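Q: The structure under discussion is supplied below as structure tokens; questions concerning it will follow.
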Amino acid sequence: SLLQRPKKALTGKDDDSEGWKSRQEPLLLEMIANELNVEVESICDFELNLFDVQTASLGGAYSEFIHSARLDNLASCFLAIEGLAEHSQAELDDDEDISLVALFDHEEVGSSSQSGAGSPVMGEAVKRISAALCDGEKDEDLYAACIQKSFVLSVDQAHAIHPNYASKHEKGHAPKMNAGMVIKRNSNQRYATNAVTGFLVKEIAEKAGLPPVQEFVVRNDCGCGSTIGPIISSSTGIRAIDMGCPQLSMHSIRETMGVADLTNGLTLFKAYFKYFRDVDSSLEQ
């Protein structure tokens with residue numbers, strides 16, 4: 001993002017009185033100005049990030065792997081959007097629920113931002129949707145019912161087992177690429193999965209004919225990262241599960257995941273939108 005100075009500064013001064021430009025690389029300022037077709041003098045601040053611009057590629061003896069930047073977590077974002085788009089074209093007329101996808105910023109740095117999962121966005125969205133269902137009138141009972149009936153799939157990538165570092169995984173919790181989606185659990189609540197939410201997703205996967213969902217639990221003597229699942233669930237009261245596609249080289253400049261897991265992920269998202277209410281209702285009964 002680029003912040004430009006107005007033609008006449010609010011202070012009445014047009015010079016770099018704070019010395020900001022003197023602390024920047026002149027060549028970088030010129031490159032930015034040329035790229036955006038603006039004057040260097042009009043630039044007063046910017047946010048720039050470097051990232052890999054190479055396209056994704058296939059690898060492996062049978063082209064069974066995808067190598068790409070930022071699979072964590074653009075892969076899940078892509079699958080969620082594609083799943084919702086296909087659901088809206090084929091199943092929307094029979095959908096009794098509000099199906100939505102929320103994509104948040106800053107998940108890797110804590111989510112505590114205006115556009116992160118720690119913001120009021122999710123809770124406010126449910127409040128506004130419930131109010132819209134009441135012709136704009138505030139109904140606390142309807143809002144509480146919406147919370148109780150809602151469910152969050154917190155889908156981030158999962159750590160697949162690496163043949164050179166197999167000891168980093170528990171023997172019974174070593175997800176493999178191209179072998180199905182992964183449910184993530186943690187007794188310290190670093191993940192939002194519990195017995196009920198895990199069961200619901202496994203039932204949905206079975207109805208969709210997917211491979212059995214894999215399970216991941218970090219070793220007890222290893223640290224465990226977290227996701228937006230516990231953040232959203234604790235701030236809104238909505239049930240949640242943490243899961244994702246297995247991959248290697250997480251957070252590297254080029255990451256690796258299985259081709260089949262893209263299909264598995266898309267099928268799961270579509271099945272979730274289609275079958276969740278039936279599975280959830282049968283559990284309540």
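Chain labels follow the order of the structure tokens: the first chain is A, the next B, and so on; residue numbering restarts at 1 in every chain, and ligands are counted from 1 in their shown order.
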If we count only C-alpha atoms, what is near region 68-71 of chain A at a cut-off of 6 Å, once residues fewer than 2 positions away on the same chain are taken out, given as JSON, numbers by chain?

A: {"A": [56, 73, 74, 75, 253, 254, 255]}

Q: Which of region 27-140 of chain A counts as alpha helix (DSSP H) under DSSP, as a ChimeraX atom specification please?

A: /A:27-36,71-90,121-132,140

Q: Find the residues around Lys202 (chain A) up to 12 Å (only C-alpha atoms counted), leave out those fewer than 6 positions away in its own chain, and share them as a PyMOL selection string.

A: chain A and resi 180-183+193+195-196+208-215+241+243+268+271-272+275-276+279-280

Q: Could you pull out the strand (DSSP E) residues of region 198-254 of chain A from DSSP and send them as a ChimeraX atom specification?

A: /A:214-217,239-244,246-248

Q: If you keep all heavy atoms, can you produce a file of those selected residues as an mmCIF file, in the first residue's frame?

A:
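So the final result, stored in part_6.cif, reads:
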```cif
data_model
loop_
_atom_site.group_PDB
_atom_site.id
_atom_site.type_symbol
_atom_site.label_atom_id
_atom_site.label_comp_id
_atom_site.auth_asym_id
_atom_site.auth_seq_id
_atom_site.Cartn_x
_atom_site.Cartn_y
_atom_site.Cartn_z
ATOM 1 N N GLN A 214 -7.443 -37.933 8.413
ATOM 2 C CA GLN A 214 -6.262 -38.202 9.226
ATOM 3 C C GLN A 214 -6.290 -37.347 10.495
ATOM 4 O O GLN A 214 -7.000 -36.336 10.562
ATOM 5 C CB GLN A 214 -4.996 -37.905 8.421
ATOM 6 C CG GLN A 214 -4.903 -38.683 7.114
ATOM 7 C CD GLN A 214 -3.598 -38.433 6.403
ATOM 8 O OE1 GLN A 214 -2.581 -39.078 6.661
ATOM 9 N NE2 GLN A 214 -3.608 -37.483 5.463
ATOM 10 N N GLU A 215 -5.522 -37.753 11.484
ATOM 11 C CA GLU A 215 -5.477 -37.033 12.761
ATOM 12 C C GLU A 215 -4.051 -36.579 13.042
ATOM 13 O O GLU A 215 -3.082 -37.296 12.754
ATOM 14 C CB GLU A 215 -5.945 -37.943 13.898
ATOM 15 C CG GLU A 215 -7.375 -38.453 13.748
ATOM 16 C CD GLU A 215 -8.385 -37.581 14.468
ATOM 17 O OE1 GLU A 215 -7.969 -36.611 15.129
ATOM 18 O OE2 GLU A 215 -9.591 -37.891 14.376
ATOM 19 N N PHE A 216 -3.939 -35.371 13.618
ATOM 20 C CA PHE A 216 -2.624 -34.837 13.985
ATOM 21 C C PHE A 216 -2.659 -34.310 15.407
ATOM 22 O O PHE A 216 -3.530 -33.511 15.769
ATOM 23 C CB PHE A 216 -2.206 -33.715 13.030
ATOM 24 C CG PHE A 216 -0.964 -32.984 13.468
ATOM 25 C CD1 PHE A 216 0.281 -33.590 13.372
ATOM 26 C CD2 PHE A 216 -1.039 -31.706 13.994
ATOM 27 C CE1 PHE A 216 1.442 -32.924 13.777
ATOM 28 C CE2 PHE A 216 0.102 -31.029 14.402
ATOM 29 C CZ PHE A 216 1.344 -31.643 14.294
ATOM 30 N N VAL A 217 -1.729 -34.783 16.213
ATOM 31 C CA VAL A 217 -1.497 -34.255 17.557
ATOM 32 C C VAL A 217 -0.001 -34.010 17.681
ATOM 33 O O VAL A 217 0.801 -34.920 17.428
ATOM 34 C CB VAL A 217 -1.958 -35.244 18.654
ATOM 35 C CG1 VAL A 217 -1.653 -34.675 20.035
ATOM 36 C CG2 VAL A 217 -3.432 -35.552 18.519
ATOM 37 N N ARG A 239 -19.129 -23.102 17.757
ATOM 38 C CA ARG A 239 -18.351 -24.338 17.695
ATOM 39 C C ARG A 239 -17.363 -24.277 16.529
ATOM 40 O O ARG A 239 -17.646 -23.664 15.505
ATOM 41 C CB ARG A 239 -19.284 -25.536 17.499
ATOM 42 C CG ARG A 239 -20.241 -25.787 18.635
ATOM 43 C CD ARG A 239 -21.276 -26.820 18.246
ATOM 44 N NE ARG A 239 -22.163 -26.322 17.205
ATOM 45 C CZ ARG A 239 -23.005 -27.088 16.501
ATOM 46 N NH1 ARG A 239 -23.038 -28.389 16.715
ATOM 47 N NH2 ARG A 239 -23.784 -26.548 15.580
ATOM 48 N N ALA A 240 -16.232 -24.944 16.704
ATOM 49 C CA ALA A 240 -15.206 -24.868 15.663
ATOM 50 C C ALA A 240 -14.371 -26.136 15.641
ATOM 51 O O ALA A 240 -14.314 -26.885 16.618
ATOM 52 C CB ALA A 240 -14.304 -23.653 15.873
ATOM 53 N N ILE A 241 -13.737 -26.355 14.506
ATOM 54 C CA ILE A 241 -12.777 -27.437 14.347
ATOM 55 C C ILE A 241 -11.584 -26.892 13.584
ATOM 56 O O ILE A 241 -11.722 -25.996 12.735
ATOM 57 C CB ILE A 241 -13.385 -28.636 13.586
ATOM 58 C CG1 ILE A 241 -12.398 -29.808 13.538
ATOM 59 C CG2 ILE A 241 -13.805 -28.238 12.171
ATOM 60 C CD1 ILE A 241 -12.982 -31.086 12.959
ATOM 61 N N ASP A 242 -10.394 -27.397 13.902
ATOM 62 C CA ASP A 242 -9.191 -27.056 13.155
ATOM 63 C C ASP A 242 -8.788 -28.239 12.295
ATOM 64 O O ASP A 242 -8.680 -29.373 12.789
ATOM 65 C CB ASP A 242 -8.051 -26.687 14.105
ATOM 66 C CG ASP A 242 -8.088 -25.230 14.505
ATOM 67 O OD1 ASP A 242 -7.948 -24.387 13.597
ATOM 68 O OD2 ASP A 242 -8.255 -24.932 15.697
ATOM 69 N N MET A 243 -8.557 -27.981 11.039
ATOM 70 C CA MET A 243 -8.160 -29.030 10.114
ATOM 71 C C MET A 243 -7.432 -28.407 8.925
ATOM 72 O O MET A 243 -7.261 -27.181 8.861
ATOM 73 C CB MET A 243 -9.370 -29.836 9.651
ATOM 74 C CG MET A 243 -10.440 -29.049 8.932
ATOM 75 S SD MET A 243 -11.877 -30.079 8.589
ATOM 76 C CE MET A 243 -11.152 -31.536 7.846
ATOM 77 N N GLY A 244 -6.987 -29.229 7.987
ATOM 78 C CA GLY A 244 -6.316 -28.680 6.826
ATOM 79 C C GLY A 244 -5.729 -29.766 5.937
ATOM 80 O O GLY A 244 -5.838 -30.960 6.217
ATOM 81 N N PRO A 246 -2.474 -31.686 4.390
ATOM 82 C CA PRO A 246 -1.093 -31.923 4.822
ATOM 83 C C PRO A 246 -0.085 -31.378 3.816
ATOM 84 O O PRO A 246 -0.308 -31.432 2.611
ATOM 85 C CB PRO A 246 -1.019 -33.450 4.909
ATOM 86 C CG PRO A 246 -2.059 -33.945 3.957
ATOM 87 C CD PRO A 246 -3.159 -32.926 3.979
ATOM 88 N N GLN A 247 1.009 -30.838 4.331
ATOM 89 C CA GLN A 247 2.045 -30.295 3.454
ATOM 90 C C GLN A 247 3.406 -30.368 4.132
ATOM 91 O O GLN A 247 3.526 -30.579 5.336
ATOM 92 C CB GLN A 247 1.740 -28.854 3.072
ATOM 93 C CG GLN A 247 1.935 -27.848 4.204
ATOM 94 C CD GLN A 247 2.100 -26.424 3.684
ATOM 95 O OE1 GLN A 247 1.126 -25.799 3.297
ATOM 96 N NE2 GLN A 247 3.322 -25.924 3.699
ATOM 97 N N LEU A 248 4.452 -30.183 3.331
ATOM 98 C CA LEU A 248 5.824 -30.079 3.818
ATOM 99 C C LEU A 248 6.332 -28.650 3.626
ATOM 100 O O LEU A 248 5.743 -27.858 2.881
ATOM 101 C CB LEU A 248 6.741 -31.046 3.062
ATOM 102 C CG LEU A 248 6.470 -32.544 3.225
ATOM 103 C CD1 LEU A 248 7.432 -33.346 2.347
ATOM 104 C CD2 LEU A 248 6.584 -32.980 4.677
#
```

Q: Write out as a list in words the residues lying within 10 Å of Leu28 (chain A), counting only C-alpha atoms and excluding same-chain residues fewer than 5 positions away.

A: Ala33, Asn34 and Val40 of chain A

Q: What does the file look like for those residues with C-alpha atoms, as a tab-separated table (two decimals), in the first residue's frame?

A:
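Produced file again_35.tsv, reproduced below:
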```tsv
chain	number	residue	atom	x	y	z
A	33	ALA	CA	7.27	6.31	-8.23
A	34	ASN	CA	8.03	5.06	-11.74
A	40	VAL	CA	8.68	10.94	-5.65
```

Q: List the neighbours of region 102-115 of chain A out to 8 Å using only C-alpha atoms; skip same-chain residues closer than 2 positions along the sequence, and give me the result as an MDAnalysis selection string.

A: chainID A and resid 77 100 117:119 121:122 227:228

Q: Next, write the just-selected residues to a file, as a PDB file, in the first residue's frame, keeping C-alpha atoms as the atom set.

A:
```pdb
ATOM      1  CA  CYS A  77      -8.594 -19.967   0.833  1.00  0.00           C
ATOM      2  CA  LEU A 100     -20.104 -17.915   4.080  1.00  0.00           C
ATOM      3  CA  ALA A 117      -9.595 -12.989  13.305  1.00  0.00           C
ATOM      4  CA  GLY A 118      -9.164 -11.336  16.707  1.00  0.00           C
ATOM      5  CA  SER A 119     -11.250  -8.380  15.527  1.00  0.00           C
ATOM      6  CA  VAL A 121     -15.683  -9.002  12.346  1.00  0.00           C
ATOM      7  CA  MET A 122     -17.042 -12.531  12.773  1.00  0.00           C
ATOM      8  CA  THR A 227      -4.835 -20.937  14.474  1.00  0.00           C
ATOM      9  CA  ILE A 228      -7.826 -18.656  14.233  1.00  0.00           C
TER      10      ILE A 228
END
```

Q: What is the CA of Lys270 (chain A)-CA of Ile98 (chain A) distance in Å, reported with one decimal?

A: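 So the two atoms, CA of Lys270 (chain A) and CA of Ile98 (chain A), lie 14.1 Å apart.
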
Q: If we count only C-alpha atoms, what is near Glu140 (chain A) at a cut-off of 10 Å, once residues fewer than 5 positions away on the same chain are taken out, given as a PyMOL selection string?

A: chain A and resi 127+130-131+145-146

Q: Can you write just those residues out, N, CA, C and O atoms, as a PDB file, in the first residue's frame?

A:
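Ended up saving to selection28.pdb:
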```
ATOM      1  N   LYS A 127     -24.269 -11.103  14.059  1.00  0.00           N
ATOM      2  CA  LYS A 127     -25.289 -10.194  14.590  1.00  0.00           C
ATOM      3  C   LYS A 127     -26.071  -9.529  13.467  1.00  0.00           C
ATOM      4  O   LYS A 127     -27.309  -9.440  13.512  1.00  0.00           O
ATOM      5  N   SER A 130     -28.314 -12.100  11.648  1.00  0.00           N
ATOM      6  CA  SER A 130     -29.504 -12.439  12.447  1.00  0.00           C
ATOM      7  C   SER A 130     -30.492 -11.284  12.473  1.00  0.00           C
ATOM      8  O   SER A 130     -31.711 -11.506  12.449  1.00  0.00           O
ATOM      9  N   ALA A 131     -29.984 -10.040  12.510  1.00  0.00           N
ATOM     10  CA  ALA A 131     -30.877  -8.877  12.474  1.00  0.00           C
ATOM     11  C   ALA A 131     -31.588  -8.777  11.129  1.00  0.00           C
ATOM     12  O   ALA A 131     -32.775  -8.444  11.054  1.00  0.00           O
ATOM     13  N   ALA A 145     -29.701 -18.262  19.061  1.00  0.00           N
ATOM     14  CA  ALA A 145     -29.970 -19.473  18.290  1.00  0.00           C
ATOM     15  C   ALA A 145     -29.005 -19.592  17.112  1.00  0.00           C
ATOM     16  O   ALA A 145     -28.549 -20.698  16.779  1.00  0.00           O
ATOM     17  N   CYS A 146     -28.688 -18.460  16.479  1.00  0.00           N
ATOM     18  CA  CYS A 146     -27.732 -18.471  15.365  1.00  0.00           C
ATOM     19  C   CYS A 146     -26.354 -18.934  15.835  1.00  0.00           C
ATOM     20  O   CYS A 146     -25.687 -19.722  15.155  1.00  0.00           O
TER      21      CYS A 146
END
```

Q: Would you pick out the contacts of Ala174 (chain A) at 8 Å or less, using only C-alpha atoms, so that residues sharing its chain but fewer than 2 positions from it are not included, and give the list as a PDB file with C-alpha atoms, in the first residue's frame?

A:
```pdb
ATOM      1  CA  ALA A 160       2.725 -33.816   6.967  1.00  0.00           C
ATOM      2  CA  ILE A 161       5.295 -36.355   8.098  1.00  0.00           C
ATOM      3  CA  HIS A 169       5.610 -36.796  14.799  1.00  0.00           C
ATOM      4  CA  GLU A 170       3.815 -39.125  17.174  1.00  0.00           C
ATOM      5  CA  LYS A 171       3.719 -42.573  15.581  1.00  0.00           C
ATOM      6  CA  GLY A 172      -0.076 -42.674  15.522  1.00  0.00           C
ATOM      7  CA  LYS A 176       0.680 -38.245   4.827  1.00  0.00           C
ATOM      8  CA  GLU A 215      -5.477 -37.033  12.761  1.00  0.00           C
ATOM      9  CA  PHE A 216      -2.624 -34.837  13.985  1.00  0.00           C
TER      10      PHE A 216
END
```

Q: Can you measure CA of Ile147 (chain A) to CA of Gly229 (chain A) for me? One decimal in Å is fine.

A: 14.9 Å

Q: Take CA of Ala61 (chain A) and CA of Pro175 (chain A) and report the distance between them in Å, one decimal.

A: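 Computing the Euclidean distance for CA of Ala61 (chain A) and CA of Pro175 (chain A) yields 20.4 Å.
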